[in-house]
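Participant: Got query.txt for you, compact mmCIF, C-alpha atoms and all ligand atoms:
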```txt
# COMPACT_ATOMS: atom_id res chain seq x y z
CA MET A 1 -3.89 -34.83 1.28
CA LYS A 2 -3.82 -33.04 -2.04
CA ILE A 3 -4.37 -29.28 -1.82
CA ARG A 4 -7.41 -28.03 -3.76
CA ALA A 5 -7.55 -24.37 -2.72
CA LEU A 6 -5.51 -21.40 -1.57
CA ILE A 7 -7.10 -18.82 0.75
CA PHE A 8 -5.30 -15.49 1.09
CA ASP A 9 -5.59 -12.85 3.74
CA LEU A 10 -5.58 -9.43 2.05
CA ASP A 11 -3.79 -6.71 4.05
CA GLY A 12 -0.13 -7.65 4.44
CA VAL A 13 -0.34 -10.85 2.34
CA LEU A 14 -1.61 -9.71 -1.07
CA VAL A 15 -1.30 -5.93 -0.72
CA SER A 16 1.02 -3.66 1.26
CA THR A 17 -1.72 -1.81 3.14
CA GLU A 18 -0.79 -2.74 6.73
CA HIS A 19 1.35 0.37 7.16
CA ASN A 20 -1.57 2.55 6.04
CA HIS A 21 -3.78 0.95 8.70
CA PHE A 22 -1.03 1.56 11.28
CA ILE A 23 -0.62 5.25 10.40
CA ALA A 24 -4.40 5.77 10.46
CA TRP A 25 -4.78 4.09 13.87
CA GLN A 26 -1.81 6.05 15.19
CA LYS A 27 -3.66 9.25 14.25
CA THR A 28 -6.76 8.00 16.11
CA ALA A 29 -4.65 7.12 19.15
CA GLN A 30 -3.04 10.57 19.09
CA THR A 31 -6.49 12.18 19.09
CA LEU A 32 -7.23 10.14 22.22
CA GLY A 33 -3.86 10.95 23.83
CA ILE A 34 -2.81 7.27 23.76
CA GLU A 35 0.69 6.13 22.84
CA PHE A 36 0.55 3.67 19.93
CA THR A 37 3.64 2.05 18.44
CA GLU A 38 4.35 -0.63 15.80
CA VAL A 39 4.64 -3.13 18.66
CA HIS A 40 1.11 -2.25 19.79
CA ASN A 41 0.00 -2.45 16.16
CA GLU A 42 0.90 -6.18 16.03
CA LEU A 43 -2.14 -6.77 18.27
CA LEU A 44 -4.37 -5.09 15.69
CA LYS A 45 -3.24 -6.91 12.56
CA GLY A 46 -6.09 -8.96 11.11
CA VAL A 47 -8.45 -7.59 13.76
CA SER A 48 -11.76 -5.97 12.69
CA ARG A 49 -12.18 -2.19 12.69
CA ILE A 50 -14.42 -2.20 15.77
CA ASP A 51 -12.20 -4.56 17.77
CA SER A 52 -9.13 -2.53 16.79
CA LEU A 53 -10.54 0.65 18.33
CA LYS A 54 -11.60 -1.31 21.43
CA LYS A 55 -8.01 -2.56 21.79
CA ILE A 56 -6.61 0.98 21.47
CA LEU A 57 -9.01 2.21 24.16
CA GLU A 58 -8.01 -0.72 26.42
CA LEU A 59 -4.38 0.19 25.86
CA GLY A 60 -5.01 3.75 27.05
CA LYS A 61 -7.54 2.63 29.70
CA LYS A 62 -10.09 5.04 28.19
CA VAL A 63 -13.85 4.88 28.05
CA ILE A 64 -15.72 6.97 25.47
CA SER A 65 -19.35 7.40 24.41
CA GLU A 66 -20.86 5.26 21.67
CA ASP A 67 -21.29 8.31 19.43
CA TYR A 68 -17.65 9.33 19.77
CA PHE A 69 -16.60 5.68 19.22
CA ASN A 70 -18.52 5.61 15.92
CA GLN A 71 -17.18 9.02 14.92
CA LEU A 72 -13.59 7.82 15.45
CA LEU A 73 -14.25 4.69 13.37
CA GLN A 74 -15.58 6.83 10.54
CA GLU A 75 -12.66 9.26 10.73
CA LYS A 76 -10.12 6.44 10.78
CA ASN A 77 -11.67 4.84 7.72
CA ASN A 78 -11.86 8.15 5.82
CA PHE A 79 -8.19 8.83 6.54
CA TYR A 80 -7.25 5.25 5.59
CA LEU A 81 -9.19 5.35 2.32
CA GLU A 82 -7.61 8.67 1.41
CA SER A 83 -4.15 7.21 2.06
CA ILE A 84 -4.77 4.27 -0.32
CA GLN A 85 -6.47 6.16 -3.12
CA ASN A 86 -3.43 5.77 -5.39
CA LEU A 87 -3.08 2.04 -4.75
CA SER A 88 -2.18 0.13 -7.93
CA GLN A 89 -0.65 -3.18 -9.07
CA ASP A 90 2.70 -1.78 -7.86
CA HIS A 91 1.45 -2.32 -4.29
CA LEU A 92 0.94 -6.05 -4.72
CA LEU A 93 3.38 -7.87 -2.45
CA LYS A 94 6.30 -9.89 -3.84
CA GLY A 95 5.32 -13.14 -5.55
CA VAL A 96 1.55 -12.54 -5.47
CA LEU A 97 0.83 -12.25 -9.16
CA ASN A 98 3.05 -15.21 -10.13
CA LEU A 99 1.45 -17.45 -7.53
CA LEU A 100 -2.10 -16.47 -8.55
CA VAL A 101 -1.35 -17.20 -12.21
CA LYS A 102 0.41 -20.50 -11.43
CA ALA A 103 -2.31 -21.70 -9.05
CA LYS A 104 -5.03 -20.84 -11.57
CA ASN A 105 -3.17 -22.78 -14.27
CA GLU A 106 -2.93 -25.77 -11.93
CA GLY A 107 -6.71 -25.65 -11.51
CA LEU A 108 -6.67 -24.69 -7.83
CA LYS A 109 -9.53 -22.70 -6.36
CA LEU A 110 -8.65 -19.28 -4.96
CA ALA A 111 -10.27 -17.19 -2.24
CA VAL A 112 -9.68 -14.08 -0.18
CA GLY A 113 -10.46 -14.27 3.54
CA SER A 114 -10.13 -10.80 5.03
CA SER A 115 -11.40 -8.89 8.06
CA SER A 116 -11.52 -5.70 6.01
CA LYS A 117 -14.78 -4.14 4.90
CA ASN A 118 -12.73 -2.41 2.18
CA ALA A 119 -11.44 -5.68 0.69
CA LYS A 120 -13.34 -5.60 -2.62
CA HIS A 121 -12.49 -1.94 -3.20
CA ILE A 122 -8.79 -2.71 -2.64
CA LEU A 123 -8.82 -5.80 -4.87
CA GLN A 124 -10.30 -3.65 -7.60
CA LEU A 125 -7.67 -0.92 -7.15
CA VAL A 126 -4.83 -3.44 -7.48
CA GLY A 127 -6.55 -5.27 -10.35
CA ILE A 128 -6.62 -8.88 -9.11
CA MET A 129 -10.33 -9.32 -8.42
CA GLU A 130 -10.89 -11.74 -11.31
CA TYR A 131 -8.46 -14.34 -9.94
CA PHE A 132 -10.71 -15.24 -7.01
CA ASP A 133 -13.57 -17.72 -7.00
CA THR A 134 -14.89 -16.18 -3.80
CA ILE A 135 -14.15 -13.24 -1.52
CA ILE A 136 -15.11 -13.30 2.16
CA ASP A 137 -14.61 -9.95 3.85
CA GLY A 138 -15.50 -7.99 6.98
CA ASN A 139 -19.03 -7.40 5.66
CA ASP A 140 -19.78 -11.14 5.66
CA LEU A 141 -18.69 -11.98 9.19
CA THR A 142 -20.48 -12.41 12.50
CA PHE A 143 -17.32 -13.47 14.33
CA PRO A 144 -14.07 -11.69 13.44
CA LYS A 145 -10.60 -13.33 13.42
CA PRO A 146 -9.27 -15.10 15.52
CA HIS A 147 -12.61 -16.91 15.04
CA PRO A 148 -12.30 -19.26 12.02
CA GLU A 149 -15.63 -18.17 10.45
CA VAL A 150 -13.93 -16.23 7.63
CA PHE A 151 -11.96 -19.23 6.40
CA LEU A 152 -14.71 -21.79 7.07
CA LYS A 153 -17.11 -19.73 4.94
CA GLY A 154 -14.47 -19.52 2.22
CA ALA A 155 -13.83 -23.28 2.21
CA HIS A 156 -17.57 -23.96 2.19
CA LEU A 157 -18.14 -21.70 -0.83
CA LEU A 158 -15.21 -23.36 -2.62
CA ASP A 159 -16.70 -26.75 -1.73
CA CYS A 160 -13.46 -27.84 -0.05
CA GLN A 161 -12.59 -29.29 3.35
CA PRO A 162 -10.34 -27.16 5.59
CA ASP A 163 -7.45 -29.64 5.31
CA GLU A 164 -7.58 -29.29 1.52
CA CYS A 165 -6.93 -25.53 1.80
CA ILE A 166 -3.79 -23.54 2.55
CA VAL A 167 -4.36 -20.25 4.38
CA PHE A 168 -1.74 -17.52 3.96
CA GLU A 169 -1.66 -15.03 6.83
CA ASP A 170 0.53 -12.19 8.11
CA ALA A 171 -1.33 -11.71 11.41
CA LEU A 172 -1.38 -13.75 14.61
CA SER A 173 -5.18 -13.40 14.79
CA GLY A 174 -5.42 -14.93 11.30
CA ILE A 175 -3.01 -17.77 12.06
CA LYS A 176 -5.07 -18.59 15.16
CA ALA A 177 -8.26 -18.56 13.04
CA ALA A 178 -6.73 -20.86 10.43
CA LYS A 179 -5.40 -23.31 13.02
CA GLU A 180 -8.68 -23.32 14.93
CA GLY A 181 -10.49 -24.14 11.66
CA ARG A 182 -7.97 -26.97 10.94
CA PHE A 183 -6.59 -25.35 7.81
CA ILE A 184 -2.96 -25.59 6.73
CA ALA A 185 -1.66 -22.24 8.02
CA ILE A 186 1.35 -20.54 6.46
CA GLY A 187 2.76 -17.33 7.96
CA VAL A 188 3.96 -14.72 5.46
CA GLY A 189 5.85 -11.43 5.69
CA ASN A 190 5.79 -10.97 9.46
CA PRO A 191 8.79 -12.42 11.34
CA THR A 192 6.85 -12.37 14.64
CA LEU A 193 4.96 -15.40 13.25
CA LYS A 194 8.06 -17.59 12.90
CA ASN A 195 7.23 -19.66 15.98
CA GLU A 196 3.48 -19.71 15.39
CA THR A 197 3.29 -21.81 12.21
CA GLN A 198 4.76 -24.96 10.71
CA LEU A 199 5.90 -22.92 7.73
CA TYR A 200 6.94 -19.28 7.63
CA LEU A 201 7.83 -17.40 4.43
CA ASP A 202 9.34 -13.92 4.08
CA ASP A 203 7.25 -13.47 0.96
CA LEU A 204 5.22 -15.55 -1.50
CA THR A 205 8.15 -16.02 -3.94
CA GLN A 206 9.36 -18.62 -1.40
CA PHE A 207 6.19 -20.71 -1.65
CA ARG A 208 6.65 -23.96 -3.60
CA LEU A 209 3.24 -24.92 -4.97
CA GLU A 210 4.70 -28.15 -6.35
CA ASP A 211 5.23 -29.38 -2.77
CA TYR A 212 1.46 -29.41 -2.23
CA ALA A 213 -0.30 -29.84 -5.60
C1 LIG B 301 -7.46 -6.39 8.40
C2 LIG B 301 -6.26 -5.56 8.77
O1 LIG B 301 -7.22 -7.03 7.18
O2 LIG B 301 -8.63 -5.58 8.27
C3 LIG B 301 -6.54 -4.70 9.98
O3 LIG B 301 -5.18 -6.42 9.05
C4 LIG B 301 -7.81 -3.87 9.74
O4 LIG B 301 -5.43 -3.87 10.22
C5 LIG B 301 -8.95 -4.83 9.43
O5 LIG B 301 -8.12 -3.11 10.91
C6 LIG B 301 -10.27 -4.08 9.16
O6 LIG B 301 -10.14 -3.32 8.01
P1 LIG B 301 -11.18 -2.22 7.50
O7 LIG B 301 -10.63 -1.88 6.12
O8 LIG B 301 -12.52 -2.84 7.46
O9 LIG B 301 -11.12 -1.08 8.45
MG MG B 302 -3.29 -9.30 7.17
```
Mind turning this structure into structure tokens?

Facilitator:
Amino acid sequence: MKIRALIFDLDGVLVSTEHNHFIAWQKTAQTLGIEFTEVHNELLKGVSRIDSLKKILELGKKVISEDYFNQLLQEKNNFYLESIQNLSQDHLLKGVLNLLVKAKNEGLKLAVGSSSKNAKHILQLVGIMEYFDTIIDGNDLTFPKPHPEVFLKGAHLLDCQPDECIVFEDALSGIKAAKEGRFIAIGVGNPTLKNETQLYLDDLTQFRLEDYA
């Protein structure tokens, strides 16, 4: 089947923001007296803000009030946003810009499918907003990744079938979502995904569009 669209996850695929999320969650965990390492952080990649805090609390076997839960979410996001305020095109991951330009020239449709409620703000900061025909983000979703809703909505808006779309993901939750939705799932920039997908790439410079278009 000929590919008609590319759907990109944002954090860790297009932009190098995953470490900022990690540092911000580590601060939250510290506040709660919970140990939180990069290994724990793998479980949070691609996961919504609310579910991420739930996972941290599970990790530390802690129960907190709803008010405190919401306060921690707000504090985490404030800290995260402060840490990315100087984000620019320099923070685009390797191969992103070339692939966007090439795919556009080939007439492919392009979408972002992200769990982040900050996705549009980030796309603006790094200056690639105009490449995308549609952007589905954390504000549009009822069911977060690993549910396929994010990618199914994207494909629908692009007027494509899932098997006509490639999904690029750096998170296990996202790969699960793409597979569940019957998309072509490609793992990028996260070696823990090597056994989870048919194709794994260290970065997008390794992607050969000509093999699919
Ligand atoms: C995903 C990230 O893209 O978005 C997660 O991989 C993050 O680490 C999630 O928690 C939600 O992001 P935000 O910006 O809405 O807090
Ligand atoms: Mg990601």

Participant: Using only C-alpha atoms and all ligand atoms, which residues of the polymer chains come no farther than 9 Å from ligand MG 302 (chain B)? I'd like the answer as a PyMOL selection string.

Facilitator: chain A and resi 8-15+17-18+45-47+114-115+168-174

Participant: What is the distance between CA of Ala178 in chain A and CA of Ser83 in chain A, in Å to one decimal?

Facilitator: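 Going from CA of Ala178 in chain A over to CA of Ser83 in chain A, I get 29.4 Å.
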
Participant: Between A:His156, A:Lys117, A:Lys2, A:Lys104, which has the minimum distance to ligand LIG 301 (chain B) (counting all atoms listed in the file)?

Facilitator: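 Checking each of A:His156, A:Lys117, A:Lys2, A:Lys104 against ligand LIG 301 (chain B), counting all atoms listed in the file, the winner is A:Lys117.
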
Participant: Can you tell me how far CA of Arg49 in chain A sits from CA of Ala185 in chain A, in Å to one decimal?

Facilitator: 23.1 Å

Participant: Could you tell me which of A:Glu35, A:Asp90, A:Glu130, A:Asp137 comes closest to ligand LIG 301 (chain B) if we count only C-alpha atoms and all ligand atoms?

Facilitator: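 For ligand LIG 301 (chain B), the nearest of the candidates is A:Asp137.
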
Participant: Could you check the closest approach to Ser52 in chain A for each of A:Gln206, A:Gln124, A:Asn77, A:Asn195 and tell me which residue wins, using all atoms listed in the file?

Facilitator: A:Asn77

Participant: Between A:His121, A:Lys153, A:Lys102, A:His91, single out the one closest to ligand LIG 301 (chain B), counting all atoms listed in the file.

Facilitator: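 Checking each candidate against ligand LIG 301 (chain B), we get A:His121 as the closest.
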
Participant: Report, in Å with one decimal, the straight-line distance from CA of Leu125 in chain A to CA of Gln26 in chain A.

Facilitator: 24.1 Å

Participant: Please provide as a list in words all residues within 12 Å of Lys179 in chain A, with the sequence filter that same-chain residues fewer than 4 positions apart are discarded (counting only C-alpha atoms).

Facilitator: Lys145, Pro146, His147, Pro148, Glu149, Phe151, Leu152, Pro162, Asp163, Cys165, Ile166, Val167, Phe168, Glu169, Leu172, Ser173, Gly174, Ile175, Phe183, Ile184, Ala185, Ile186, Gly187, Glu196, Thr197 and Gln198 of chain A

Participant: Rank nothing, just name the residue among A:Val126, A:Ile64, A:Val150, A:Ala103 nearest to ligand LIG 301 (chain B), using all atoms listed in the file.

Facilitator: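 That would be A:Val150, the residue with the smallest distance to ligand LIG 301 (chain B).
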
Participant: Check the smallest atom-to-atom distance from each of A:Phe79, A:Tyr131, A:Phe36, A:Tyr212 to ligand LIG 301 (chain B) using all atoms listed in the file, then report the winner.

Facilitator: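 Smallest separation from ligand LIG 301 (chain B) among the options: A:Phe79.
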
Participant: Some atoms are missing, so please complete range 91-123 of chain A with N, CA and C atoms and return it as an mmCIF file, keeping the file's coordinate frame.

Facilitator:
```cif
data_model
loop_
_atom_site.group_PDB
_atom_site.id
_atom_site.type_symbol
_atom_site.label_atom_id
_atom_site.label_comp_id
_atom_site.auth_asym_id
_atom_site.auth_seq_id
_atom_site.Cartn_x
_atom_site.Cartn_y
_atom_site.Cartn_z
ATOM 1 N N HIS A 91 1.526 -2.067 -5.739
ATOM 2 C CA HIS A 91 1.450 -2.320 -4.290
ATOM 3 C C HIS A 91 1.150 -3.778 -3.957
ATOM 4 N N LEU A 92 1.073 -4.612 -4.989
ATOM 5 C CA LEU A 92 0.940 -6.050 -4.720
ATOM 6 C C LEU A 92 2.239 -6.515 -4.086
ATOM 7 N N LEU A 93 2.161 -7.406 -3.114
ATOM 8 C CA LEU A 93 3.380 -7.870 -2.450
ATOM 9 C C LEU A 93 4.126 -8.876 -3.339
ATOM 10 N N LYS A 94 5.412 -9.052 -3.019
ATOM 11 C CA LYS A 94 6.300 -9.890 -3.840
ATOM 12 C C LYS A 94 5.744 -11.307 -4.027
ATOM 13 N N GLY A 95 5.702 -11.759 -5.266
ATOM 14 C CA GLY A 95 5.320 -13.140 -5.550
ATOM 15 C C GLY A 95 3.823 -13.368 -5.719
ATOM 16 N N VAL A 96 3.015 -12.353 -5.444
ATOM 17 C CA VAL A 96 1.550 -12.540 -5.470
ATOM 18 C C VAL A 96 1.057 -12.912 -6.864
ATOM 19 N N LEU A 97 1.377 -12.056 -7.819
ATOM 20 C CA LEU A 97 0.830 -12.250 -9.160
ATOM 21 C C LEU A 97 1.259 -13.595 -9.759
ATOM 22 N N ASN A 98 2.551 -13.927 -9.610
ATOM 23 C CA ASN A 98 3.050 -15.210 -10.130
ATOM 24 C C ASN A 98 2.315 -16.385 -9.532
ATOM 25 N N LEU A 99 2.109 -16.334 -8.205
ATOM 26 C CA LEU A 99 1.450 -17.450 -7.530
ATOM 27 C C LEU A 99 -0.010 -17.566 -7.982
ATOM 28 N N LEU A 100 -0.695 -16.437 -8.120
ATOM 29 C CA LEU A 100 -2.100 -16.470 -8.550
ATOM 30 C C LEU A 100 -2.210 -17.100 -9.944
ATOM 31 N N VAL A 101 -1.327 -16.680 -10.835
ATOM 32 C CA VAL A 101 -1.350 -17.200 -12.210
ATOM 33 C C VAL A 101 -1.064 -18.700 -12.213
ATOM 34 N N LYS A 102 -0.005 -19.089 -11.475
ATOM 35 C CA LYS A 102 0.410 -20.500 -11.430
ATOM 36 C C LYS A 102 -0.696 -21.383 -10.836
ATOM 37 N N ALA A 103 -1.272 -20.913 -9.732
ATOM 38 C CA ALA A 103 -2.310 -21.700 -9.050
ATOM 39 C C ALA A 103 -3.536 -21.857 -9.943
ATOM 40 N N LYS A 104 -3.885 -20.795 -10.633
ATOM 41 C CA LYS A 104 -5.030 -20.840 -11.570
ATOM 42 C C LYS A 104 -4.765 -21.871 -12.670
ATOM 43 N N ASN A 105 -3.532 -21.824 -13.214
ATOM 44 C CA ASN A 105 -3.170 -22.780 -14.270
ATOM 45 C C ASN A 105 -3.207 -24.217 -13.792
ATOM 46 N N GLU A 106 -2.907 -24.419 -12.520
ATOM 47 C CA GLU A 106 -2.930 -25.770 -11.930
ATOM 48 C C GLU A 106 -4.348 -26.217 -11.606
ATOM 49 N N GLY A 107 -5.310 -25.311 -11.770
ATOM 50 C CA GLY A 107 -6.710 -25.650 -11.510
ATOM 51 C C GLY A 107 -7.117 -25.548 -10.048
ATOM 52 N N LEU A 108 -6.302 -24.872 -9.242
ATOM 53 C CA LEU A 108 -6.670 -24.690 -7.830
ATOM 54 C C LEU A 108 -7.749 -23.622 -7.711
ATOM 55 N N LYS A 109 -8.551 -23.746 -6.645
ATOM 56 C CA LYS A 109 -9.530 -22.700 -6.360
ATOM 57 C C LYS A 109 -8.864 -21.640 -5.491
ATOM 58 N N LEU A 110 -9.283 -20.393 -5.676
ATOM 59 C CA LEU A 110 -8.650 -19.280 -4.960
ATOM 60 C C LEU A 110 -9.690 -18.445 -4.240
ATOM 61 N N ALA A 111 -9.349 -18.051 -3.004
ATOM 62 C CA ALA A 111 -10.270 -17.190 -2.240
ATOM 63 C C ALA A 111 -9.486 -16.140 -1.468
ATOM 64 N N VAL A 112 -10.200 -15.058 -1.133
ATOM 65 C CA VAL A 112 -9.680 -14.080 -0.180
ATOM 66 C C VAL A 112 -10.485 -14.227 1.102
ATOM 67 N N GLY A 113 -9.793 -14.227 2.238
ATOM 68 C CA GLY A 113 -10.460 -14.270 3.540
ATOM 69 C C GLY A 113 -9.926 -13.138 4.393
ATOM 70 N N SER A 114 -10.652 -12.017 4.397
ATOM 71 C CA SER A 114 -10.130 -10.800 5.030
ATOM 72 C C SER A 114 -11.109 -10.223 6.051
ATOM 73 N N SER A 115 -10.560 -9.576 7.074
ATOM 74 C CA SER A 115 -11.400 -8.890 8.060
ATOM 75 C C SER A 115 -11.864 -7.528 7.556
ATOM 76 N N SER A 116 -11.275 -7.078 6.453
ATOM 77 C CA SER A 116 -11.520 -5.700 6.010
ATOM 78 C C SER A 116 -12.839 -5.544 5.273
ATOM 79 N N LYS A 117 -13.548 -4.470 5.630
ATOM 80 C CA LYS A 117 -14.780 -4.140 4.900
ATOM 81 C C LYS A 117 -14.440 -3.432 3.596
ATOM 82 N N ASN A 118 -13.169 -3.079 3.417
ATOM 83 C CA ASN A 118 -12.730 -2.410 2.180
ATOM 84 C C ASN A 118 -12.104 -3.392 1.194
ATOM 85 N N ALA A 119 -12.201 -4.686 1.474
ATOM 86 C CA ALA A 119 -11.440 -5.680 0.690
ATOM 87 C C ALA A 119 -11.735 -5.603 -0.815
ATOM 88 N N LYS A 120 -13.015 -5.551 -1.178
ATOM 89 C CA LYS A 120 -13.340 -5.600 -2.620
ATOM 90 C C LYS A 120 -12.841 -4.338 -3.326
ATOM 91 N N HIS A 121 -12.980 -3.207 -2.651
ATOM 92 C CA HIS A 121 -12.490 -1.940 -3.200
ATOM 93 C C HIS A 121 -10.983 -2.036 -3.464
ATOM 94 N N ILE A 122 -10.252 -2.600 -2.506
ATOM 95 C CA ILE A 122 -8.790 -2.710 -2.640
ATOM 96 C C ILE A 122 -8.416 -3.687 -3.755
ATOM 97 N N LEU A 123 -9.118 -4.820 -3.814
ATOM 98 C CA LEU A 123 -8.820 -5.800 -4.870
ATOM 99 C C LEU A 123 -9.041 -5.197 -6.255
#
```
